[in-house]
>>> print(open('target-v1.txt').read())   # compact mmCIF, C-alpha atoms
# COMPACT_ATOMS: atom_id res chain seq x y z
CA MET A 1 6.86 -5.15 -29.15
CA ASP A 2 6.57 -8.53 -27.44
CA PHE A 3 3.48 -9.36 -25.40
CA GLU A 4 4.50 -12.91 -24.52
CA LEU A 5 5.60 -13.85 -21.04
CA THR A 6 8.97 -15.55 -20.87
CA GLU A 7 9.17 -19.27 -20.22
CA ASP A 8 10.29 -18.60 -16.64
CA GLN A 9 7.41 -16.18 -16.07
CA GLU A 10 4.90 -18.71 -17.36
CA THR A 11 6.46 -21.29 -15.07
CA ILE A 12 5.95 -18.99 -12.09
CA ARG A 13 2.31 -18.43 -12.98
CA LYS A 14 1.59 -22.14 -13.42
CA ALA A 15 3.53 -23.23 -10.36
CA VAL A 16 1.76 -20.76 -8.10
CA ALA A 17 -1.65 -21.63 -9.53
CA GLY A 18 -0.93 -25.31 -8.88
CA LEU A 19 0.18 -24.67 -5.32
CA LEU A 20 -2.96 -22.70 -4.54
CA ARG A 21 -5.39 -25.44 -5.55
CA ASP A 22 -5.14 -26.68 -1.97
CA PHE A 23 -6.70 -23.41 -0.73
CA ASP A 24 -10.21 -23.23 -2.08
CA ASP A 25 -13.03 -20.76 -1.53
CA ARG A 26 -14.20 -22.59 1.57
CA TYR A 27 -10.77 -22.13 3.15
CA TRP A 28 -10.98 -18.37 2.59
CA GLN A 29 -14.62 -18.19 3.66
CA GLU A 30 -13.74 -19.77 6.98
CA HIS A 31 -10.65 -17.67 7.65
CA ASP A 32 -12.47 -14.47 6.75
CA ARG A 33 -15.43 -15.41 8.94
CA ASP A 34 -13.25 -16.44 11.89
CA HIS A 35 -10.79 -13.53 11.56
CA ALA A 36 -8.04 -16.15 11.44
CA PHE A 37 -4.67 -15.50 9.80
CA PRO A 38 -4.11 -18.03 6.94
CA GLU A 39 -1.14 -19.80 8.50
CA GLU A 40 -1.32 -22.85 6.21
CA PHE A 41 -1.42 -20.70 3.08
CA TYR A 42 1.45 -18.53 4.31
CA ALA A 43 3.52 -21.63 5.11
CA ALA A 44 2.86 -23.09 1.65
CA ILE A 45 3.95 -19.88 -0.08
CA ALA A 46 7.03 -19.67 2.12
CA GLY A 47 7.81 -23.35 1.60
CA GLY A 48 7.68 -22.84 -2.15
CA GLY A 49 10.28 -20.08 -1.88
CA TRP A 50 7.91 -17.42 -3.19
CA LEU A 51 8.30 -14.91 -0.36
CA GLY A 52 11.83 -14.21 -1.52
CA ILE A 53 10.95 -13.67 -5.16
CA THR A 54 12.38 -10.11 -5.25
CA ILE A 55 14.92 -10.41 -2.42
CA PRO A 56 18.49 -10.61 -3.79
CA GLU A 57 20.02 -14.07 -4.03
CA ALA A 58 22.78 -13.04 -1.60
CA TYR A 59 20.12 -12.88 1.12
CA GLY A 60 18.26 -16.08 0.30
CA GLY A 61 15.88 -14.83 -2.36
CA HIS A 62 15.50 -15.21 -6.12
CA GLY A 63 16.42 -11.67 -7.15
CA LEU A 64 13.61 -11.39 -9.71
CA GLY A 65 11.79 -8.25 -10.80
CA ILE A 66 8.49 -6.53 -10.20
CA THR A 67 7.02 -8.24 -13.27
CA GLU A 68 7.44 -11.64 -11.63
CA ALA A 69 6.13 -10.30 -8.32
CA THR A 70 2.96 -9.00 -9.98
CA LEU A 71 2.40 -12.32 -11.72
CA LEU A 72 2.71 -14.07 -8.36
CA LEU A 73 0.25 -11.77 -6.58
CA GLU A 74 -2.22 -11.78 -9.47
CA GLU A 75 -2.38 -15.57 -9.27
CA VAL A 76 -2.69 -15.44 -5.48
CA ALA A 77 -5.68 -13.08 -5.71
CA ARG A 78 -7.16 -14.97 -8.66
CA SER A 79 -7.08 -18.25 -6.74
CA GLY A 80 -10.06 -17.03 -4.74
CA GLY A 81 -7.97 -15.81 -1.83
CA ALA A 82 -8.38 -12.23 -3.06
CA MET A 83 -7.01 -9.58 -0.66
CA ASN A 84 -6.98 -11.91 2.36
CA ALA A 85 -4.38 -14.03 0.59
CA ALA A 86 -2.48 -11.18 -1.07
CA SER A 87 -2.25 -9.04 2.07
CA SER A 88 -0.83 -11.89 4.13
CA ILE A 89 2.31 -11.95 1.93
CA HIS A 90 2.33 -8.53 0.22
CA MET A 91 4.78 -6.90 2.64
CA SER A 92 7.26 -9.77 2.36
CA ILE A 93 7.12 -9.76 -1.44
CA PHE A 94 8.26 -6.18 -2.01
CA GLY A 95 7.86 -4.18 1.20
CA MET A 96 11.51 -4.67 2.11
CA HIS A 97 12.72 -2.78 -0.95
CA PRO A 98 13.90 0.27 1.09
CA VAL A 99 15.95 -2.11 3.25
CA VAL A 100 17.39 -3.90 0.21
CA VAL A 101 18.47 -0.63 -1.39
CA HIS A 102 19.37 1.54 1.61
CA GLY A 103 19.84 -0.73 4.63
CA SER A 104 23.23 -1.56 6.12
CA GLU A 105 24.82 -4.88 5.23
CA GLU A 106 24.37 -6.00 8.84
CA LEU A 107 20.66 -5.12 8.85
CA LYS A 108 20.08 -6.91 5.56
CA ARG A 109 21.85 -10.08 6.66
CA ARG A 110 19.98 -10.04 9.95
CA THR A 111 16.49 -9.73 8.44
CA LEU A 112 16.18 -10.50 4.73
CA PRO A 113 17.01 -14.24 4.86
CA ARG A 114 14.38 -14.73 7.58
CA ILE A 115 11.80 -12.87 5.48
CA ALA A 116 12.63 -15.02 2.45
CA ARG A 117 12.25 -18.19 4.56
CA GLY A 118 8.95 -16.96 5.97
CA ASP A 119 9.82 -17.07 9.68
CA LEU A 120 9.83 -13.28 10.08
CA HIS A 121 6.57 -11.34 9.73
CA VAL A 122 6.95 -7.60 9.17
CA CYS A 123 4.34 -4.84 9.06
CA PHE A 124 4.60 -1.35 7.56
CA GLY A 125 4.13 1.62 9.88
CA VAL A 126 3.61 4.87 7.96
CA THR A 127 0.00 6.11 8.10
CA GLU A 128 -1.18 8.17 11.08
CA PRO A 129 -4.65 9.31 12.17
CA GLY A 130 -3.85 13.01 11.79
CA ALA A 131 -1.84 12.78 8.58
CA GLY A 132 -3.58 10.34 6.24
CA LEU A 133 -2.02 10.55 2.78
CA ASP A 134 -0.05 13.68 3.72
CA THR A 135 2.91 11.69 5.00
CA THR A 136 4.98 14.82 5.67
CA ARG A 137 2.63 15.62 8.57
CA ILE A 138 3.35 12.51 10.60
CA THR A 139 4.18 13.26 14.24
CA THR A 140 5.57 9.95 15.54
CA TYR A 141 8.91 11.14 16.89
CA ALA A 142 12.24 9.37 17.38
CA ARG A 143 14.58 11.06 19.89
CA ARG A 144 18.25 10.04 19.82
CA ASP A 145 19.50 8.64 23.13
CA GLY A 146 23.05 7.34 22.80
CA ASP A 147 23.09 4.20 20.66
CA HIS A 148 19.27 4.08 20.63
CA TYR A 149 16.33 6.15 19.54
CA VAL A 150 13.26 6.50 21.75
CA VAL A 151 10.05 6.52 19.71
CA SER A 152 6.56 7.65 20.68
CA GLY A 153 3.46 8.23 18.54
CA ARG A 154 0.51 6.61 16.82
CA LYS A 155 0.01 4.68 13.59
CA VAL A 156 -3.20 3.48 11.96
CA TRP A 157 -4.28 0.95 9.32
CA ILE A 158 -1.23 -1.18 9.97
CA SER A 159 -1.83 -4.56 8.33
CA LYS A 160 -0.50 -7.71 10.02
CA ALA A 161 0.69 -5.91 13.17
CA VAL A 162 -0.87 -8.66 15.32
CA GLU A 163 1.18 -11.34 13.54
CA SER A 164 4.38 -9.32 13.07
CA GLU A 165 7.65 -9.52 14.97
CA LYS A 166 9.09 -6.38 13.35
CA ILE A 167 7.84 -3.12 11.88
CA LEU A 168 9.24 -0.96 9.08
CA LEU A 169 8.55 2.28 10.90
CA LEU A 170 8.61 5.84 9.57
CA THR A 171 9.22 8.52 12.17
CA ARG A 172 10.23 12.14 12.43
CA THR A 173 13.69 12.85 13.82
CA THR A 174 13.24 16.55 13.02
CA LYS A 175 9.86 18.04 13.76
CA LEU A 176 8.01 19.48 10.78
CA ALA A 177 8.24 23.05 12.08
CA ASP A 178 12.05 22.75 12.25
CA ALA A 179 12.60 21.02 8.88
CA ALA A 180 14.03 22.98 5.95
CA LYS A 181 11.63 21.12 3.62
CA ARG A 182 8.47 19.21 4.49
CA THR A 183 10.03 16.00 3.24
CA ASP A 184 13.18 16.41 5.35
CA GLY A 185 13.71 15.04 8.82
CA MET A 186 11.96 11.68 8.50
CA THR A 187 13.82 8.51 9.43
CA LEU A 188 13.00 4.88 8.66
CA PHE A 189 13.64 1.94 11.00
CA LEU A 190 13.22 -1.82 10.76
CA THR A 191 12.86 -2.78 14.39
CA ASP A 192 11.18 -5.08 16.90
CA LEU A 193 7.50 -4.56 17.59
CA ASP A 194 7.90 -4.69 21.37
CA ARG A 195 4.46 -5.37 22.87
CA ALA A 196 5.56 -3.86 26.18
CA ARG A 197 5.91 -0.50 24.42
CA VAL A 198 3.44 -0.83 21.56
CA GLU A 199 -0.27 -1.36 22.13
CA ILE A 200 -1.98 -2.96 19.12
CA ARG A 201 -5.72 -2.50 18.65
CA PRO A 202 -7.37 -4.33 15.72
CA ILE A 203 -9.87 -2.25 13.72
CA ALA A 204 -13.29 -3.77 12.98
CA LYS A 205 -13.74 -3.48 9.24
CA MET A 206 -15.86 -4.30 6.21
CA GLY A 207 -13.80 -7.15 4.81
CA ARG A 208 -10.40 -8.81 4.42
CA ASN A 209 -10.80 -10.07 7.93
CA ALA A 210 -8.28 -12.91 7.79
CA VAL A 211 -5.59 -10.21 7.96
CA THR A 212 -5.87 -7.63 10.70
CA SER A 213 -5.71 -3.86 10.27
CA ASN A 214 -4.59 -2.12 13.41
CA GLU A 215 -4.05 1.06 15.32
CA LEU A 216 -0.70 1.27 17.13
CA PHE A 217 0.05 3.30 20.24
CA ILE A 218 3.83 3.62 20.65
CA ASP A 219 5.13 4.71 24.05
CA GLU A 220 8.90 5.16 24.54
CA LEU A 221 9.89 2.31 22.22
CA ARG A 222 13.69 1.93 22.32
CA VAL A 223 15.13 1.33 18.85
CA PRO A 224 18.82 0.50 18.33
CA VAL A 225 20.69 2.75 15.92
CA ALA A 226 21.60 -0.48 14.09
CA ASP A 227 17.92 -0.83 13.15
CA ARG A 228 17.93 2.45 11.23
CA VAL A 229 17.51 2.13 7.45
CA GLY A 230 20.12 4.33 5.78
CA GLU A 231 20.81 7.84 6.98
CA GLU A 232 18.91 9.82 9.56
CA GLY A 233 16.45 12.26 8.00
CA GLN A 234 16.25 10.50 4.60
CA GLY A 235 13.35 8.14 5.29
CA PHE A 236 10.84 9.86 3.03
CA ARG A 237 13.20 9.64 0.07
CA TYR A 238 13.74 5.94 0.74
CA LEU A 239 10.00 5.33 0.78
CA LEU A 240 9.61 6.92 -2.65
CA ASP A 241 11.67 4.09 -4.16
CA GLY A 242 8.86 1.69 -3.34
CA LEU A 243 5.77 3.71 -4.28
CA ASN A 244 5.54 2.74 -7.95
CA PRO A 245 6.11 -0.99 -7.30
CA GLU A 246 3.46 -0.90 -4.56
CA ARG A 247 0.92 0.56 -6.99
CA MET A 248 1.77 -2.19 -9.49
CA LEU A 249 1.32 -4.93 -6.89
CA ILE A 250 -2.09 -3.59 -5.85
CA ALA A 251 -3.03 -3.34 -9.52
CA ALA A 252 -2.12 -7.00 -10.00
CA GLU A 253 -4.18 -8.01 -6.98
CA ALA A 254 -7.19 -6.04 -8.24
CA LEU A 255 -6.75 -7.68 -11.64
CA GLY A 256 -6.71 -11.14 -10.05
CA ILE A 257 -9.90 -10.45 -8.08
CA GLY A 258 -11.60 -9.16 -11.21
CA ARG A 259 -10.61 -12.30 -13.11
CA VAL A 260 -11.87 -14.75 -10.50
CA ALA A 261 -15.11 -12.78 -10.04
CA LEU A 262 -15.69 -12.83 -13.79
CA ASP A 263 -14.98 -16.56 -13.91
CA ARG A 264 -17.58 -17.20 -11.21
CA ALA A 265 -20.14 -14.99 -12.97
CA VAL A 266 -19.63 -16.77 -16.30
CA ARG A 267 -20.00 -20.18 -14.66
CA TYR A 268 -23.20 -19.10 -12.93
CA GLY A 269 -24.48 -17.60 -16.18
CA ARG A 270 -24.07 -20.97 -17.89
CA GLU A 271 -25.55 -23.04 -15.10
CA ARG A 272 -28.42 -20.95 -13.76
CA GLU A 273 -31.67 -21.37 -15.69
CA VAL A 274 -34.63 -19.00 -15.44
CA PHE A 275 -37.66 -19.09 -17.75
CA GLY A 276 -36.33 -22.28 -19.30
CA ARG A 277 -32.94 -20.95 -20.48
CA PRO A 278 -29.47 -20.20 -19.06
CA ILE A 279 -29.36 -16.61 -17.87
CA GLY A 280 -26.07 -16.16 -19.77
CA MET A 281 -28.08 -16.16 -23.01
CA ASN A 282 -29.60 -12.83 -22.03
CA GLN A 283 -27.78 -9.77 -23.30
CA GLY A 284 -28.54 -8.00 -20.03
CA ILE A 285 -26.24 -10.55 -18.35
CA GLN A 286 -23.80 -11.22 -21.18
CA PHE A 287 -22.94 -7.66 -22.23
CA PRO A 288 -21.79 -6.37 -18.79
CA LEU A 289 -19.57 -9.44 -18.35
CA ALA A 290 -18.07 -9.05 -21.83
CA ASP A 291 -17.48 -5.37 -21.09
CA SER A 292 -15.62 -6.31 -17.90
CA LEU A 293 -13.48 -8.77 -19.84
CA ALA A 294 -12.46 -6.00 -22.23
CA HIS A 295 -11.63 -3.58 -19.41
CA LEU A 296 -9.63 -6.19 -17.47
CA ASP A 297 -7.64 -7.05 -20.60
CA ALA A 298 -6.90 -3.39 -21.32
CA ALA A 299 -5.89 -2.67 -17.71
CA GLU A 300 -3.55 -5.67 -17.75
CA LEU A 301 -1.68 -4.27 -20.74
CA VAL A 302 -0.97 -1.00 -18.91
CA LEU A 303 0.24 -2.99 -15.89
CA ARG A 304 2.57 -5.07 -18.06
CA LYS A 305 4.04 -1.90 -19.57
CA ALA A 306 4.54 -0.38 -16.11
CA THR A 307 6.39 -3.41 -14.74
CA TRP A 308 8.53 -3.68 -17.90
CA LEU A 309 9.57 -0.04 -17.56
CA TYR A 310 10.46 -0.49 -13.89
CA ASP A 311 12.43 -3.67 -14.43
CA ASN A 312 14.37 -1.96 -17.22
CA GLY A 313 15.25 1.02 -15.07
CA ARG A 314 13.06 3.50 -16.90
CA PRO A 315 10.64 6.14 -15.52
CA CYS A 316 7.26 4.53 -14.81
CA GLY A 317 5.30 6.86 -12.52
CA ARG A 318 2.63 7.63 -15.09
CA GLU A 319 2.17 3.99 -16.06
CA ALA A 320 2.27 2.65 -12.48
CA ASN A 321 -0.41 5.07 -11.34
CA THR A 322 -2.52 4.48 -14.44
CA ALA A 323 -2.28 0.71 -13.94
CA LYS A 324 -3.39 1.01 -10.33
CA TYR A 325 -6.31 3.25 -11.35
CA LEU A 326 -7.52 1.10 -14.24
CA CYS A 327 -7.02 -2.30 -12.58
CA ALA A 328 -8.77 -1.19 -9.40
CA ASP A 329 -11.77 0.11 -11.34
CA ALA A 330 -11.91 -2.87 -13.68
CA GLY A 331 -11.52 -5.37 -10.83
CA PHE A 332 -14.19 -3.78 -8.68
CA THR A 333 -16.62 -3.41 -11.58
CA ALA A 334 -16.15 -7.07 -12.48
CA ALA A 335 -16.82 -8.07 -8.86
CA ASP A 336 -19.91 -5.86 -8.73
CA ARG A 337 -21.24 -7.38 -11.94
CA ALA A 338 -20.50 -10.89 -10.70
CA LEU A 339 -22.60 -10.17 -7.62
CA GLN A 340 -25.39 -8.74 -9.79
CA THR A 341 -25.29 -11.78 -12.08
CA HIS A 342 -25.92 -14.01 -9.08
CA GLY A 343 -28.95 -11.96 -8.12
CA GLY A 344 -30.11 -12.57 -4.56
CA MET A 345 -27.63 -15.43 -4.17
CA GLY A 346 -24.82 -12.97 -4.82
CA TYR A 347 -25.59 -11.46 -1.43
CA ALA A 348 -25.09 -14.86 0.22
CA GLU A 349 -21.63 -15.77 1.49
CA GLU A 350 -22.05 -19.24 -0.03
CA TYR A 351 -21.20 -18.03 -3.53
CA ASP A 352 -18.09 -15.98 -2.58
CA VAL A 353 -18.81 -13.09 -4.94
CA ALA A 354 -19.87 -10.94 -1.97
CA ARG A 355 -16.40 -11.50 -0.50
CA TYR A 356 -14.75 -10.61 -3.81
CA PHE A 357 -16.90 -7.46 -3.95
CA ARG A 358 -15.80 -6.34 -0.48
CA GLU A 359 -12.14 -7.04 -1.10
CA ALA A 360 -12.06 -5.53 -4.60
CA ARG A 361 -13.47 -2.33 -3.11
CA LEU A 362 -10.37 -2.01 -0.95
CA THR A 363 -8.13 -1.62 -4.02
CA ARG A 364 -9.87 1.65 -4.91
CA ILE A 365 -8.77 3.29 -1.64
CA ALA A 366 -5.49 1.57 -0.77
CA PRO A 367 -2.62 2.22 -0.78
CA ILE A 368 -3.74 5.43 -2.44
CA SER A 369 -7.21 6.53 -3.48
CA GLN A 370 -8.33 6.79 -7.08
CA GLU A 371 -8.69 10.54 -6.62
CA MET A 372 -5.05 10.90 -5.54
CA VAL A 373 -3.99 8.98 -8.63
CA LEU A 374 -5.88 11.51 -10.74
CA ASN A 375 -4.16 14.31 -8.82
CA TYR A 376 -0.81 12.77 -9.77
CA LEU A 377 -1.71 12.35 -13.43
CA GLY A 378 -3.19 15.82 -13.66
CA GLU A 379 -0.07 17.44 -12.26
CA HIS A 380 2.75 15.21 -13.50
CA ALA A 381 1.38 13.86 -16.80
CA LEU A 382 -0.80 16.77 -17.95
CA GLY A 383 1.23 19.57 -16.42
CA LEU A 384 -1.75 21.17 -14.66
CA PRO A 385 -1.34 23.14 -11.41
CA ARG A 386 -1.24 21.07 -8.23
CA SER A 387 -4.81 20.58 -7.02
CA TYR A 388 -4.24 19.80 -3.34
>>> encode(input="target-v1.txt", output="structure tokens")
Amino acid sequence: MDFELTEDQETIRKAVAGLLRDFDDRYWQEHDRDHAFPEEFYAAIAGGGWLGITIPEAYGGHGLGITEATLLLEEVARSGGAMNAASSIHMSIFGMHPVVVHGSEELKRRTLPRIARGDLHVCFGVTEPGAGLDTTRITTYARRDGDHYVVSGRKVWISKAVESEKILLLTRTTKLADAAKRTDGMTLFLTDLDRARVEIRPIAKMGRNAVTSNELFIDELRVPVADRVGEEGQGFRYLLDGLNPERMLIAAEALGIGRVALDRAVRYGREREVFGRPIGMNQGIQFPLADSLAHLDAAELVLRKATWLYDNGRPCGREANTAKYLCADAGFTAADRALQTHGGMGYAEEYDVARYFREARLTRIAPISQEMVLNYLGEHALGLPRSY
């Protein structure tokens, strides 16, 4: 059992950390406050070749695994950029996996090199207001019309739609009532986000405001058949290929936020003096921070096992879900304790821990809630009856 990162993996971690020194807390404060997409950060990541870390070399990427992708996104979140930074590149890092595996050669050559270079922003259109996590109940419908489909419907919580040229869009091509199985009849497209046919409304939200979350109203969007990913009716199955990696990436981002929040709390505990002594000498401050260190370290080990299993082609559903659950809890708890360590100043934007707190909270509900993870583990790991 080897717990050491390879030389190449350590190089990735150090190179990314070095690149991100140019994007300090003030940069992220300003972009979050101004609701401004971090163009300079995105360009730096793209310029370093990191957007193509998991895209095959044949399409301009590096062809590396989910382990390397999680190391990249952990460092991005840990830099202080938290979810604002991670969400600006998350979709490019691994979101194209269904296209890589199931897309036509023409579709891959038309899109993947641009994604790897960074000149093509893509958003992910799955969630709908009336379906939530029950993806089988989506109603956005794609009707075949010659060599096109005509799509109408609604999507919600679509990150980066404002900035995106294309959307990886899940639709129904067979209505639920007519499908043999609930998971049948869904079709996936990678197509243009035509503003003449798609109205985009940003959602006012609690945090992560440098990257928009949006509601989409799709009205008769014409989609070429060439933009279809794989076969008609198989979209849900294609999405399943990316669920475990997505949980691992969110786990890594939560871990990075927890680490940077803990770092800030420890620094403040050393520097802040009350009653003539550093507050870090007090067990009431020290013990919660030490406890968070232990929980972050333990969560990281489960994440490393999950990514190793995936990269070696082995089943990893239990470990991927457990990693997401533990990293999200450990990251948020560390951020909460960092805020508490700062006392009243923790509530001030000046010290950044309030921003970490808000963004760490997101990892406990996205892309899947902690409760749904427990549903999965209860049913698939413990063998209990399905609870929902």
>>> residues_around(input="target-v1.txt", residues="stretch 114-116 of chain A", least_positions_apart="4", cutoff="10 Å", atoms="only C-alpha atoms", output="PDB file with C-alpha atoms, in the frame of the given file")
ATOM      1  CA  ALA A  46       7.030 -19.670   2.120  1.00  0.00           C
ATOM      2  CA  GLY A  47       7.810 -23.350   1.600  1.00  0.00           C
ATOM      3  CA  GLY A  49      10.280 -20.080  -1.880  1.00  0.00           C
ATOM      4  CA  TRP A  50       7.910 -17.420  -3.190  1.00  0.00           C
ATOM      5  CA  LEU A  51       8.300 -14.910  -0.360  1.00  0.00           C
ATOM      6  CA  GLY A  52      11.830 -14.210  -1.520  1.00  0.00           C
ATOM      7  CA  ILE A  53      10.950 -13.670  -5.160  1.00  0.00           C
ATOM      8  CA  THR A  54      12.380 -10.110  -5.250  1.00  0.00           C
ATOM      9  CA  ILE A  55      14.920 -10.410  -2.420  1.00  0.00           C
ATOM     10  CA  PRO A  56      18.490 -10.610  -3.790  1.00  0.00           C
ATOM     11  CA  GLU A  57      20.020 -14.070  -4.030  1.00  0.00           C
ATOM     12  CA  TYR A  59      20.120 -12.880   1.120  1.00  0.00           C
ATOM     13  CA  GLY A  60      18.260 -16.080   0.300  1.00  0.00           C
ATOM     14  CA  GLY A  61      15.880 -14.830  -2.360  1.00  0.00           C
ATOM     15  CA  HIS A  62      15.500 -15.210  -6.120  1.00  0.00           C
ATOM     16  CA  MET A  91       4.780  -6.900   2.640  1.00  0.00           C
ATOM     17  CA  SER A  92       7.260  -9.770   2.360  1.00  0.00           C
ATOM     18  CA  ILE A  93       7.120  -9.760  -1.440  1.00  0.00           C
ATOM     19  CA  MET A  96      11.510  -4.670   2.110  1.00  0.00           C
ATOM     20  CA  LYS A 108      20.080  -6.910   5.560  1.00  0.00           C
ATOM     21  CA  ARG A 109      21.850 -10.080   6.660  1.00  0.00           C
ATOM     22  CA  ARG A 110      19.980 -10.040   9.950  1.00  0.00           C
ATOM     23  CA  LEU A 120       9.830 -13.280  10.080  1.00  0.00           C
ATOM     24  CA  HIS A 121       6.570 -11.340   9.730  1.00  0.00           C
ATOM     25  CA  VAL A 122       6.950  -7.600   9.170  1.00  0.00           C
TER      26      VAL A 122
END
>>> atom_distance(input="target-v1.txt", atom1="atom CA of A:Gly130", atom2="atom CA of A:Lys155")
9.4 Å
>>> atom_distance(input="target-v1.txt", atom1="atom CA of A:Ala330", atom2="atom CA of A:Asp263")
14.0 Å
>>> residues_around(input="target-v1.txt", residues="A:Ala210", least_positions_apart="6", cutoff="7 Å", atoms="all atoms listed in the file", output="list in words")
His31, Asp32, His35, Ala36, Phe37, Pro38 and Asn84 of chain A
>>> closest_atom_pairs(input="target-v1.txt", of="stretch 58-150 of chain A", to="stretch 331-344 of chain A", cutoff="12 Å", atoms="all atoms listed in the file", output="tab-separated table")
residue	atom	partner	partner_atom	distance
A:Glu74	CA	A:Gly331	CA	11.4
A:Ala77	CA	A:Gly331	CA	10.9
A:Arg78	CA	A:Gly331	CA	10.8
A:Gly80	CA	A:Ala335	CA	12.0
A:Ala82	CA	A:Gly331	CA	10.8
A:Met83	CA	A:Gly331	CA	11.9
>>> closest_residue(input="target-v1.txt", among="A:Ala177, A:Leu20, A:Val266, A:Met281", to="A:Val353", atoms="all atoms listed in the file")
A:Val266
>>> axis_aligned_box(input="target-v1.txt", around="stretch 126-131 of chain A", padding_each_side="6 Å", output="lines of an AutoDock Vina configuration file")
center_x = -0.5
center_y = 8.9
center_z = 10.1
size_x = 20.3
size_y = 20.1
size_z = 16.2
